[in-house]
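Colleague: My structure is stored as final10.cif, with mmCIF, C-alpha atoms.
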data_final
loop_
_atom_site.label_atom_id
_atom_site.label_comp_id
_atom_site.auth_asym_id
_atom_site.auth_seq_id
_atom_site.Cartn_x
_atom_site.Cartn_y
_atom_site.Cartn_z
CA MET A 1 15.57 -3.37 -16.44
CA THR A 2 19.25 -4.22 -16.82
CA ARG A 3 21.15 -4.85 -13.58
CA GLU A 4 24.90 -4.75 -13.04
CA GLY A 5 26.22 -8.30 -13.13
CA SER A 6 23.02 -9.76 -14.56
CA LEU A 7 20.79 -9.32 -17.58
CA GLU A 8 17.97 -11.19 -15.88
CA ALA A 9 14.92 -9.49 -14.40
CA PRO A 10 14.84 -8.88 -10.63
CA LYS A 11 13.55 -11.90 -8.76
CA ARG A 12 11.99 -12.10 -5.30
CA LEU A 13 12.96 -15.17 -3.31
CA PRO A 14 10.65 -16.92 -0.81
CA ILE A 15 10.84 -15.70 2.79
CA ASP A 16 12.08 -18.51 5.04
CA TRP A 17 10.18 -17.22 8.06
CA ARG A 18 9.34 -20.67 9.45
CA ASN A 19 13.04 -21.43 9.92
CA PRO A 20 13.99 -20.98 13.63
CA ASP A 21 17.20 -19.22 12.55
CA PHE A 22 15.05 -16.51 10.95
CA TYR A 23 14.34 -15.18 14.47
CA SER A 24 17.93 -15.44 15.75
CA GLU A 25 18.97 -11.90 16.65
CA GLY A 26 22.65 -12.67 16.10
CA SER A 27 22.01 -14.18 12.68
CA ALA A 28 19.69 -11.32 11.71
CA LEU A 29 22.25 -8.69 12.78
CA LYS A 30 24.93 -10.46 10.74
CA GLU A 31 22.74 -10.34 7.63
CA LEU A 32 21.84 -6.70 8.32
CA GLY A 33 25.55 -5.91 8.49
CA ARG A 34 26.23 -7.69 5.20
CA ILE A 35 23.48 -5.78 3.42
CA PHE A 36 24.33 -2.44 5.06
CA ASP A 37 27.96 -2.72 3.97
CA ILE A 38 26.93 -3.31 0.36
CA CYS A 39 24.55 -0.33 0.54
CA HIS A 40 27.33 1.83 2.02
CA GLY A 41 29.52 1.10 -0.98
CA CYS A 42 26.75 1.93 -3.45
CA ARG A 43 24.48 4.66 -2.00
CA ARG A 44 22.14 4.78 -5.01
CA CYS A 45 19.09 4.74 -2.73
CA VAL A 46 20.05 7.79 -0.69
CA ASN A 47 17.17 9.87 -2.07
CA LEU A 48 14.36 7.31 -1.70
CA CYS A 49 13.36 7.66 1.94
CA ASN A 50 14.95 8.38 5.33
CA THR A 51 16.24 4.84 5.89
CA PHE A 52 19.34 5.17 3.74
CA PRO A 53 20.39 8.68 4.82
CA HIS A 54 20.08 7.52 8.43
CA LEU A 55 22.26 4.48 7.72
CA PHE A 56 24.88 6.50 5.88
CA ASP A 57 24.95 9.17 8.60
CA LEU A 58 25.61 6.47 11.20
CA ILE A 59 28.50 5.19 9.10
CA ASP A 60 29.95 8.60 8.22
CA THR A 61 29.90 9.82 11.83
CA GLY A 62 31.14 6.53 13.26
CA THR A 63 34.62 5.89 14.59
CA THR A 64 36.04 4.50 11.35
CA GLY A 65 33.87 5.93 8.57
CA GLU A 66 32.99 2.35 7.68
CA LEU A 67 30.24 0.02 8.91
CA ASP A 68 32.56 -1.54 11.49
CA GLY A 69 32.50 1.81 13.31
CA VAL A 70 28.75 1.57 13.93
CA GLU A 71 27.46 -0.16 17.07
CA LYS A 72 25.19 -3.05 16.10
CA GLY A 73 22.55 -1.76 18.51
CA LYS A 74 22.11 1.23 16.21
CA TYR A 75 21.09 -1.05 13.34
CA TRP A 76 17.60 -1.06 14.85
CA GLU A 77 17.32 2.68 14.23
CA VAL A 78 17.67 1.96 10.51
CA VAL A 79 15.08 -0.81 10.73
CA ASP A 80 12.57 1.55 12.36
CA GLN A 81 12.96 4.06 9.53
CA CYS A 82 12.00 1.50 6.88
CA TYR A 83 8.31 1.18 5.99
CA LEU A 84 8.71 -1.60 3.41
CA CYS A 85 7.74 0.43 0.36
CA ASP A 86 9.86 -1.92 -1.83
CA MET A 87 11.07 0.90 -4.07
CA CYS A 88 14.77 0.28 -3.39
CA PHE A 89 14.41 -3.30 -4.63
CA MET A 90 12.32 -2.41 -7.65
CA THR A 91 13.91 0.79 -8.94
CA LYS A 92 17.43 1.32 -7.63
CA CYS A 93 19.39 -1.66 -6.37
CA PRO A 94 21.70 -3.37 -8.92
CA TYR A 95 22.41 -6.26 -6.54
CA VAL A 96 18.99 -7.85 -6.15
CA PRO A 97 18.52 -11.55 -6.96
CA PRO A 98 19.61 -13.21 -9.20
CA HIS A 99 22.79 -11.20 -8.52
CA PRO A 100 25.01 -13.37 -6.29
CA TRP A 101 25.06 -10.70 -3.58
CA ASN A 102 21.33 -11.36 -3.11
CA VAL A 103 20.36 -7.95 -1.72
CA ASP A 104 16.69 -7.75 -0.81
CA PHE A 105 16.71 -4.75 1.50
CA PRO A 106 12.95 -4.71 2.24
CA HIS A 107 12.88 -8.37 3.24
CA VAL A 108 15.96 -8.15 5.45
CA MET A 109 14.14 -5.25 7.13
CA LEU A 110 11.08 -7.46 7.44
CA ARG A 111 13.19 -10.14 9.12
CA ALA A 112 14.56 -7.60 11.59
CA LYS A 113 11.06 -6.33 12.36
CA ALA A 114 9.92 -9.93 12.95
CA VAL A 115 12.81 -10.45 15.38
CA LYS A 116 11.82 -7.29 17.26
CA TYR A 117 8.19 -8.31 17.36
CA GLN A 118 8.94 -11.79 18.66
CA LYS A 119 11.03 -10.24 21.43
CA GLY A 120 8.08 -8.06 22.43
CA LYS A 121 9.70 -4.82 21.27
CA PHE A 122 6.51 -3.10 20.18
CA THR A 123 4.03 -0.75 21.85
CA PHE A 124 0.29 -0.80 22.45
CA ARG A 125 0.07 1.90 19.80
CA ASP A 126 1.78 -0.34 17.25
CA LYS A 127 -0.65 -3.18 17.94
CA LEU A 128 -3.62 -0.82 17.86
CA LEU A 129 -2.73 0.82 14.55
CA SER A 130 -2.06 -2.52 12.88
CA SER A 131 -5.40 -3.97 14.03
CA THR A 132 -7.34 -2.13 11.34
CA ASP A 133 -10.27 -4.54 11.18
CA ALA A 134 -10.81 -4.71 14.95
CA VAL A 135 -10.54 -0.93 15.36
CA GLY A 136 -12.82 -0.36 12.38
CA LYS A 137 -15.52 -2.66 13.74
CA LEU A 138 -15.52 -0.82 17.06
CA ALA A 139 -15.19 2.70 15.66
CA SER A 140 -18.01 2.24 13.12
CA ILE A 141 -20.66 1.32 15.71
CA PRO A 142 -23.41 3.96 15.19
CA VAL A 143 -23.11 5.70 18.58
CA VAL A 144 -19.37 5.22 18.87
CA VAL A 145 -18.57 6.58 15.41
CA GLN A 146 -19.67 10.15 16.22
CA MET A 147 -17.55 10.15 19.37
CA VAL A 148 -14.47 8.76 17.62
CA ASN A 149 -14.71 11.28 14.77
CA ALA A 150 -15.22 14.17 17.21
CA VAL A 151 -12.26 13.10 19.36
CA ASN A 152 -10.02 12.86 16.32
CA LYS A 153 -10.75 16.52 15.53
CA THR A 154 -10.48 17.93 19.07
CA PRO A 155 -7.11 19.59 19.86
CA VAL A 156 -7.20 18.68 23.56
CA ALA A 157 -7.98 15.04 22.77
CA ARG A 158 -5.27 14.95 20.09
CA ASN A 159 -2.72 16.25 22.60
CA VAL A 160 -3.68 13.38 24.90
CA MET A 161 -3.45 10.89 22.03
CA GLN A 162 0.04 12.12 21.25
CA SER A 163 1.31 11.95 24.82
CA VAL A 164 -0.36 8.65 25.70
CA LEU A 165 -0.49 6.72 22.41
CA GLY A 166 2.20 8.35 20.32
CA ILE A 167 -0.16 9.36 17.50
CA HIS A 168 0.94 12.75 16.23
CA LYS A 169 -1.51 15.50 17.07
CA GLU A 170 -1.19 17.20 13.67
CA ARG A 171 -1.78 14.12 11.52
CA HIS A 172 -5.11 14.35 9.72
CA LEU A 173 -6.93 11.13 10.51
CA PRO A 174 -9.68 9.60 8.34
CA GLU A 175 -13.23 9.57 9.63
CA TYR A 176 -15.06 6.32 10.33
CA GLN A 177 -18.45 5.54 8.82
CA SER A 178 -21.31 3.64 10.42
CA ALA A 179 -22.71 2.89 6.95
CA THR A 180 -19.77 0.70 6.03
CA PHE A 181 -19.15 -0.51 2.50
CA ARG A 182 -19.94 -4.12 3.33
CA LYS A 183 -23.25 -3.09 4.96
CA THR A 184 -24.39 -1.00 2.02
CA ALA A 185 -22.76 -2.52 -1.07
CA VAL A 186 -24.87 -4.51 -3.49
CA GLY A 187 -23.33 -6.42 -6.36
CA ASN A 188 -25.05 -7.17 -9.64
CA GLN A 189 -25.52 -10.37 -11.60
CA ASP A 190 -27.88 -9.03 -14.26
CA PHE A 191 -25.46 -9.18 -17.17
CA ALA A 192 -24.33 -12.05 -19.32
CA VAL A 193 -20.76 -13.05 -18.53
CA GLU A 194 -18.44 -12.07 -21.37
CA ASP A 195 -14.85 -13.16 -20.87
CA GLY A 196 -12.03 -11.53 -22.79
CA ALA A 197 -8.72 -12.93 -23.88
CA ASN A 198 -7.05 -11.07 -21.00
CA THR A 199 -9.82 -10.81 -18.43
CA PRO A 200 -12.51 -12.84 -16.70
CA GLY A 201 -15.92 -11.33 -17.35
CA LYS A 202 -17.03 -11.29 -13.73
CA VAL A 203 -15.60 -9.58 -10.67
CA ALA A 204 -15.48 -10.16 -6.92
CA VAL A 205 -14.66 -7.09 -4.83
CA PHE A 206 -12.50 -7.46 -1.72
CA SER A 207 -13.53 -4.31 0.11
CA THR A 208 -10.40 -3.74 2.32
CA CYS A 209 -10.51 -2.30 5.84
CA TYR A 210 -9.97 1.28 4.70
CA VAL A 211 -12.69 1.33 2.07
CA ASN A 212 -15.07 -0.59 4.31
CA TYR A 213 -14.76 1.57 7.42
CA ASN A 214 -13.36 4.92 6.27
CA GLU A 215 -14.21 5.74 2.66
CA PRO A 216 -16.97 3.41 1.44
CA GLY A 217 -17.69 5.82 -1.40
CA ILE A 218 -14.57 4.55 -3.20
CA GLY A 219 -15.99 1.03 -3.20
CA HIS A 220 -19.39 2.22 -4.38
CA ASP A 221 -17.75 4.13 -7.23
CA LEU A 222 -15.97 0.94 -8.28
CA LEU A 223 -19.30 -0.92 -8.29
CA LYS A 224 -20.90 1.80 -10.43
CA ILE A 225 -18.06 1.62 -12.95
CA LEU A 226 -18.35 -2.16 -13.18
CA GLU A 227 -22.12 -1.99 -13.52
CA HIS A 228 -21.86 0.65 -16.26
CA ASN A 229 -19.56 -1.73 -18.12
CA GLU A 230 -22.05 -4.59 -17.66
CA ILE A 231 -19.65 -6.69 -15.61
CA PRO A 232 -21.36 -9.06 -13.15
CA THR A 233 -20.07 -8.23 -9.69
CA MET A 234 -20.28 -9.65 -6.21
CA ILE A 235 -18.82 -8.69 -2.83
CA VAL A 236 -16.52 -11.24 -1.23
CA GLU A 237 -18.78 -13.00 1.27
CA LYS A 238 -16.35 -12.98 4.19
CA GLU A 239 -13.08 -11.15 4.63
CA ALA A 240 -10.54 -10.01 7.20
CA CYS A 241 -7.69 -7.51 6.96
CA CYS A 242 -5.31 -8.43 4.13
CA GLY A 243 -2.45 -8.54 6.66
CA MET A 244 -0.25 -5.73 5.33
CA PRO A 245 -0.32 -3.68 8.59
CA LYS A 246 0.71 -6.79 10.55
CA LEU A 247 3.42 -7.55 7.99
CA GLU A 248 4.87 -4.05 8.40
CA LEU A 249 4.96 -4.63 12.17
CA GLY A 250 6.73 -7.97 11.73
CA ALA A 251 3.83 -9.95 13.22
CA LEU A 252 4.10 -12.83 10.76
CA GLU A 253 2.08 -15.37 12.75
CA GLU A 254 -0.79 -12.88 12.79
CA VAL A 255 -0.39 -12.48 9.03
CA ALA A 256 -0.77 -16.26 8.77
CA LYS A 257 -3.98 -16.19 10.82
CA LEU A 258 -5.50 -13.54 8.55
CA LYS A 259 -4.43 -15.55 5.52
CA GLU A 260 -6.36 -18.55 6.90
CA VAL A 261 -9.52 -16.41 6.94
CA ASN A 262 -9.14 -14.83 3.53
CA ILE A 263 -7.61 -17.43 1.23
CA PRO A 264 -10.35 -20.10 1.60
CA GLN A 265 -12.94 -17.49 0.63
CA LEU A 266 -10.95 -16.05 -2.25
CA VAL A 267 -9.72 -19.29 -3.76
CA LYS A 268 -13.32 -20.43 -4.29
CA LEU A 269 -13.92 -17.30 -6.33
CA ALA A 270 -10.66 -17.70 -8.24
CA LYS A 271 -11.62 -21.26 -9.20
CA GLN A 272 -15.06 -20.03 -10.31
CA GLY A 273 -13.40 -17.66 -12.77
CA TYR A 274 -13.78 -14.35 -10.92
CA ALA A 275 -11.31 -11.53 -11.18
CA ILE A 276 -10.71 -10.32 -7.62
CA LEU A 277 -10.32 -6.56 -7.26
CA THR A 278 -9.27 -4.40 -4.31
CA ALA A 279 -9.24 -0.61 -4.34
CA VAL A 280 -6.19 -0.31 -2.05
CA PRO A 281 -2.80 -1.00 -3.70
CA SER A 282 -1.24 -2.35 -0.48
CA CYS A 283 -3.97 -4.98 -0.20
CA THR A 284 -3.58 -5.98 -3.84
CA LEU A 285 0.18 -6.26 -3.37
CA MET A 286 -0.27 -8.37 -0.24
CA PHE A 287 -2.16 -11.01 -2.19
CA LYS A 288 -0.09 -10.70 -5.37
CA GLN A 289 3.38 -10.71 -3.84
CA GLU A 290 3.84 -10.96 -0.08
CA LEU A 291 1.61 -13.93 0.70
CA PRO A 292 3.06 -15.99 -2.19
CA LEU A 293 6.57 -15.25 -0.86
CA LEU A 294 5.58 -16.16 2.69
CA PHE A 295 3.72 -19.31 1.59
CA PRO A 296 5.50 -20.38 -1.62
CA ASP A 297 4.20 -23.97 -1.51
CA ASP A 298 0.54 -23.06 -0.99
CA ALA A 299 -1.31 -23.68 -4.25
CA GLU A 300 -4.40 -21.80 -3.04
CA VAL A 301 -2.35 -18.67 -2.28
CA LYS A 302 -0.88 -18.90 -5.79
CA ALA A 303 -4.35 -19.27 -7.36
CA VAL A 304 -5.60 -16.18 -5.52
CA ALA A 305 -2.52 -14.20 -6.58
CA GLU A 306 -3.18 -15.06 -10.22
CA ALA A 307 -6.81 -13.92 -9.93
CA MET A 308 -5.99 -10.64 -8.14
CA PHE A 309 -6.10 -7.35 -10.08
CA ASP A 310 -5.68 -3.68 -9.39
CA PRO A 311 -8.96 -2.07 -10.58
CA PHE A 312 -7.32 0.01 -13.30
CA GLU A 313 -5.18 -2.91 -14.39
CA TYR A 314 -8.39 -4.88 -14.89
CA LEU A 315 -10.21 -2.03 -16.67
CA MET A 316 -7.33 -1.46 -19.10
CA LEU A 317 -7.21 -5.17 -19.86
CA ARG A 318 -10.95 -5.03 -20.57
CA LEU A 319 -10.20 -2.17 -22.95
CA ARG A 320 -7.60 -4.32 -24.69
CA ASP A 321 -10.28 -7.00 -25.01
CA GLY A 322 -12.59 -4.44 -26.63
CA LEU A 323 -15.05 -4.75 -23.74
CA LEU A 324 -14.68 -1.44 -21.89
CA LYS A 325 -17.04 1.44 -22.56
CA THR A 326 -15.41 4.79 -23.29
CA ASP A 327 -18.60 6.85 -23.42
CA PHE A 328 -17.21 9.52 -21.09
CA LYS A 329 -19.56 12.45 -20.56
CA GLN A 330 -17.69 14.74 -18.16
CA ALA A 331 -14.27 16.32 -18.64
CA LEU A 332 -12.03 16.25 -15.57
CA GLY A 333 -9.86 19.25 -16.40
CA LYS A 334 -6.40 19.20 -14.85
CA VAL A 335 -5.66 16.21 -12.61
CA SER A 336 -2.49 15.88 -10.53
CA TYR A 337 -2.17 12.14 -10.10
CA HIS A 338 0.18 10.43 -7.63
CA ILE A 339 1.32 6.83 -8.17
CA PRO A 340 1.78 5.16 -4.77
CA CYS A 341 4.77 2.90 -4.12
CA HIS A 342 2.74 -0.27 -3.57
CA LEU A 343 1.19 0.20 -7.00
CA ARG A 344 4.48 0.95 -8.74
CA VAL A 345 6.08 -2.26 -7.48
CA GLN A 346 3.29 -4.37 -8.99
CA ASN A 347 4.97 -3.80 -12.38
CA ILE A 348 1.72 -3.26 -14.25
CA GLY A 349 2.62 0.11 -15.75
CA GLN A 350 0.70 3.35 -15.29
CA LYS A 351 -2.77 1.97 -15.96
CA THR A 352 -4.61 4.60 -13.91
CA ARG A 353 -2.94 7.44 -15.77
CA GLU A 354 -3.61 5.77 -19.13
CA LEU A 355 -7.32 5.48 -18.47
CA LEU A 356 -7.70 8.96 -16.97
CA GLN A 357 -5.98 10.44 -20.03
CA MET A 358 -8.59 8.83 -22.27
CA VAL A 359 -11.26 11.12 -20.82
CA PRO A 360 -11.76 14.03 -23.26
CA GLY A 361 -10.88 17.42 -21.78
CA THR A 362 -8.56 15.89 -19.20
CA GLN A 363 -4.89 16.67 -18.62
CA VAL A 364 -2.98 14.43 -16.21
CA ASN A 365 0.14 15.57 -14.35
CA THR A 366 1.74 12.37 -13.07
CA VAL A 367 3.89 12.34 -9.91
CA GLU A 368 5.89 9.13 -9.51
CA ARG A 369 7.48 9.48 -6.07
CA CYS A 370 6.86 8.22 -2.53
CA SER A 371 4.51 10.49 -0.58
CA GLY A 372 6.13 9.50 2.73
CA HIS A 373 3.04 8.43 4.67
CA ASP A 374 2.97 4.67 4.16
CA GLY A 375 0.17 3.10 6.16
CA THR A 376 0.60 3.69 9.88
CA TRP A 377 4.23 4.93 9.74
CA GLY A 378 3.42 8.60 9.12
CA VAL A 379 0.82 8.61 11.90
CA LYS A 380 3.39 7.89 14.61
CA THR A 381 4.78 10.82 16.57
CA GLU A 382 8.44 9.91 16.03
CA PHE A 383 8.05 9.63 12.25
CA TYR A 384 5.52 12.37 11.44
CA ASP A 385 8.12 15.05 10.67
CA TYR A 386 10.06 12.61 8.48
CA SER A 387 6.89 11.75 6.58
CA MET A 388 6.18 15.40 5.86
CA LYS A 389 9.80 15.99 4.78
CA ILE A 390 9.76 13.01 2.42
CA GLY A 391 6.47 14.21 0.99
CA LYS A 392 7.56 17.80 0.26
CA PRO A 393 8.68 17.17 -3.34
CA VAL A 394 5.37 15.38 -3.98
CA PHE A 395 3.34 18.21 -2.44
CA ARG A 396 5.19 20.70 -4.66
CA GLN A 397 4.84 18.66 -7.86
CA MET A 398 1.16 17.97 -7.22
CA ALA A 399 0.51 21.73 -6.98
CA GLU A 400 2.11 22.45 -10.34
CA GLN A 401 -0.19 23.40 -13.22
CA ALA A 402 -2.94 24.54 -10.79
CA PRO A 403 -4.93 21.27 -10.92
CA ASP A 404 -8.69 20.94 -10.54
CA TYR A 405 -8.21 17.64 -8.69
CA ILE A 406 -5.47 15.83 -6.80
CA SER A 407 -5.68 12.06 -6.77
CA SER A 408 -3.83 8.92 -5.69
CA ASP A 409 -4.73 5.24 -5.92
CA CYS A 410 -3.75 5.07 -2.23
CA ALA A 411 -6.45 6.98 -0.38
CA ILE A 412 -4.19 7.44 2.66
CA ALA A 413 -1.44 8.92 0.48
CA GLY A 414 -4.04 11.23 -1.07
CA ARG A 415 -5.09 12.43 2.37
CA HIS A 416 -1.43 12.95 3.33
CA ILE A 417 -0.74 14.93 0.15
CA ALA A 418 -3.78 17.14 0.72
CA GLN A 419 -2.56 17.86 4.25
CA GLY A 420 0.93 18.67 2.97
CA MET A 421 -0.45 21.05 0.34
CA GLY A 422 -2.40 22.91 3.03
CA ASP A 423 -5.46 25.11 2.64
CA ALA A 424 -4.70 25.74 -1.02
CA ALA A 425 -5.03 22.05 -1.87
CA PRO A 426 -7.43 21.37 -4.77
CA ARG A 427 -10.28 18.95 -4.36
CA LYS A 428 -9.07 15.44 -3.50
CA GLN A 429 -10.76 12.55 -5.27
CA HIS A 430 -9.78 8.92 -5.67
CA PRO A 431 -9.13 7.87 -9.31
CA LEU A 432 -12.16 5.55 -9.20
CA THR A 433 -14.30 8.53 -8.17
CA LEU A 434 -12.87 10.51 -11.06
CA MET A 435 -13.79 7.70 -13.44
CA ARG A 436 -17.32 7.60 -12.07
CA ILE A 437 -17.57 11.38 -12.60
CA ALA A 438 -16.18 11.03 -16.14
CA TYR A 439 -18.82 8.42 -16.96
CA GLY A 440 -21.49 10.80 -15.64
CA LEU A 441 -22.74 8.24 -13.12
#
With the file now loaded, output its structure as structure tokens.
Modeller:
Amino acid sequence: MTREGSLEAPKRLPIDWRNPDFYSEGSALKELGRIFDICHGCRRCVNLCNTFPHLFDLIDTGTTGELDGVEKGKYWEVVDQCYLCDMCFMTKCPYVPPHPWNVDFPHVMLRAKAVKYQKGKFTFRDKLLSSTDAVGKLASIPVVVQMVNAVNKTPVARNVMQSVLGIHKERHLPEYQSATFRKTAVGNQDFAVEDGANTPGKVAVFSTCYVNYNEPGIGHDLLKILEHNEIPTMIVEKEACCGMPKLELGALEEVAKLKEVNIPQLVKLAKQGYAILTAVPSCTLMFKQELPLLFPDDAEVKAVAEAMFDPFEYLMLRLRDGLLKTDFKQALGKVSYHIPCHLRVQNIGQKTRELLQMVPGTQVNTVERCSGHDGTWGVKTEFYDYSMKIGKPVFRQMAEQAPDYISSDCAIAGRHIAQGMGDAAPRKQHPLTLMRIAYGL
């Protein structure tokens, strides 16, 4: 992509979060002001999310019509609107590195969130929602799970959750499962390893918190697809949350602690020649991009990043190697497919769409726009209405052509889209589930 002032590709720079100045509120506000003033003069990103309209409204209604008319205390309102989707950096901004203006809007937002977190400016709700592994372990206990799922569907309880915790009463929440993915998943090693020019011939699956505790069926569908393609598969022996929810909160030391659990396990597999797959784009992105930027001198983090694949990225590379079966038995009809932001910014192309379109009798309507949910952001009372507003164009486009299925690589986005489409929403299935159906498994 050509950028004004540079013909070079966009480049992410390491995050200097260990530098004490990184947490200086004065220094952070100064950098926010520098970036905001550049954005004010450009305004290309006004239609991406609510962050930029909020910033521009503050400027336009200020005392001078310029950034100097905005109180610095109001900068934090802009920070709170950002959910680090990365789309401004990847698709809109002409001033990203290597441009000398060095605009990395998501990472200056991350710095501001880290400053807020270090100053204790977060709530119990924020900590709770970002502790996905801890909550999942508790909520999936056999007796507890029924109670949690019932409470999440009870209007009286949801009213209490909204008033006490700040979790919006109308947000559809995922159920928890006592038969978690890691409890029930079984890998296979019955096939001869066949490497391709582009792909290792064996896979390790990093289950992710969401697949493990909420929708284990997605993980099982991935295993069935790999087994059908005679790819030896194992489940990562030990794992913790990837750290993305903590990153979005600005809790960078907690991200580092999770990294110390995951990387030693994953680097062993990377060195043994495994491709590491996760079925949640945010988790894949965390290992591919964010951890390498946070720990740029860590060779083990780099090795894991190089071994990490999105499932459809891996499957399409296997196809390029001539090693993927295309013996599809079941047509999928019309599929409205949503590409989530954290998959788009991986710069791998539309691999999910490409593979789904290979299924005979399948028509794919692709929607390439942010759904507005983004992890825990759309769950929070103060952002719920914004999330539904941002998602409206997606809800409308997904309904076009009267699809048989709606689907998104991000299961949370898929749930959000189904809620936004209402009672008329077609059947929601993850793309991996659709592939399993197409194979007739």
Colleague: When the PyMOL selection byres ((chain A and resi 309) around 7) is applied to the file above, which residues end up in the set, as a list in words?
Modeller: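 On the file shown, the PyMOL selection byres ((chain A and resi 309) around 7) covers Ala275, Ile276, Leu277, Thr284, Ala307, Met308, Asp310, Pro311, Glu313 and Tyr314 of chain A.
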Colleague: Where does the PyMOL selection byres ((chain A and resi 320) around 12) land in this file, that is, which residues does it pick, as a ChimeraX atom specification?
Modeller: /A:196-199,313-319,321-325,351,355
Colleague: Run the PyMOL selection byres ((chain A and resi 102) around 12) against the file shown and list the residues it catches, as number ranges by chain.
Modeller: A: 5-6, 10-13, 31, 34-35, 38, 89, 93-101, 103-108
Colleague: Would you please work out which residue, of A:Asp298, A:His430, A:Arg111, A:Gln265, is nearest to His220 in chain A when using all atoms listed in the file?
Modeller: A:His430
Colleague: Between A:Val367, A:Lys113, A:Asp327, A:Ile263, which is the closest to Ala299 in chain A once you count only C-alpha atoms?
Modeller: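 Selected residue with least distance to Ala299 in chain A: A:Ile263.
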Colleague: Find, counting only C-alpha atoms, the residue in A:Gly333, A:Gly62, A:Pro142, A:Pro431 that gets nearest to Thr352 in chain A.
Modeller: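 Closest to Thr352 in chain A of all the choices is A:Pro431.
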Colleague: Do you have the CA of Val359 in chain A-CA of Tyr439 in chain A distance handy?
Modeller: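 Interatomic distance here is 8.9 Å.
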Colleague: Using all atoms listed in the file, which residue out of A:Gly372, A:Pro340, A:Gly391, A:Gly201 lies closest to Asn229 in chain A?
Modeller: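 Among A:Gly372, A:Pro340, A:Gly391, A:Gly201, it is A:Gly201 that comes nearest to Asn229 in chain A.
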Colleague: I'd like to know which of A:Leu110, A:Leu67, A:Val255, A:Met234 is closest to Ser131 in chain A, using all atoms listed in the file.
Modeller: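 Among the listed residues, the smallest separation from Ser131 in chain A belongs to A:Val255.
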Colleague: Would you list the contacts of His168 in chain A as number ranges by chain, taking every protein, DNA or RNA residue within 9 Å and counting only C-alpha atoms, but skipping same-chain residues closer than 2 positions in sequence?
Modeller: A: 158-159, 161-163, 165-166, 170-171, 378-384
Colleague: Do you know which residues are at most 9 Å from range 177-179 of chain A counting only C-alpha atoms, after dropping those on the same chain fewer than 5 positions away, and could you put them as an MDAnalysis selection string?
Modeller: chainID A and resid 136 139:146 184 212:216
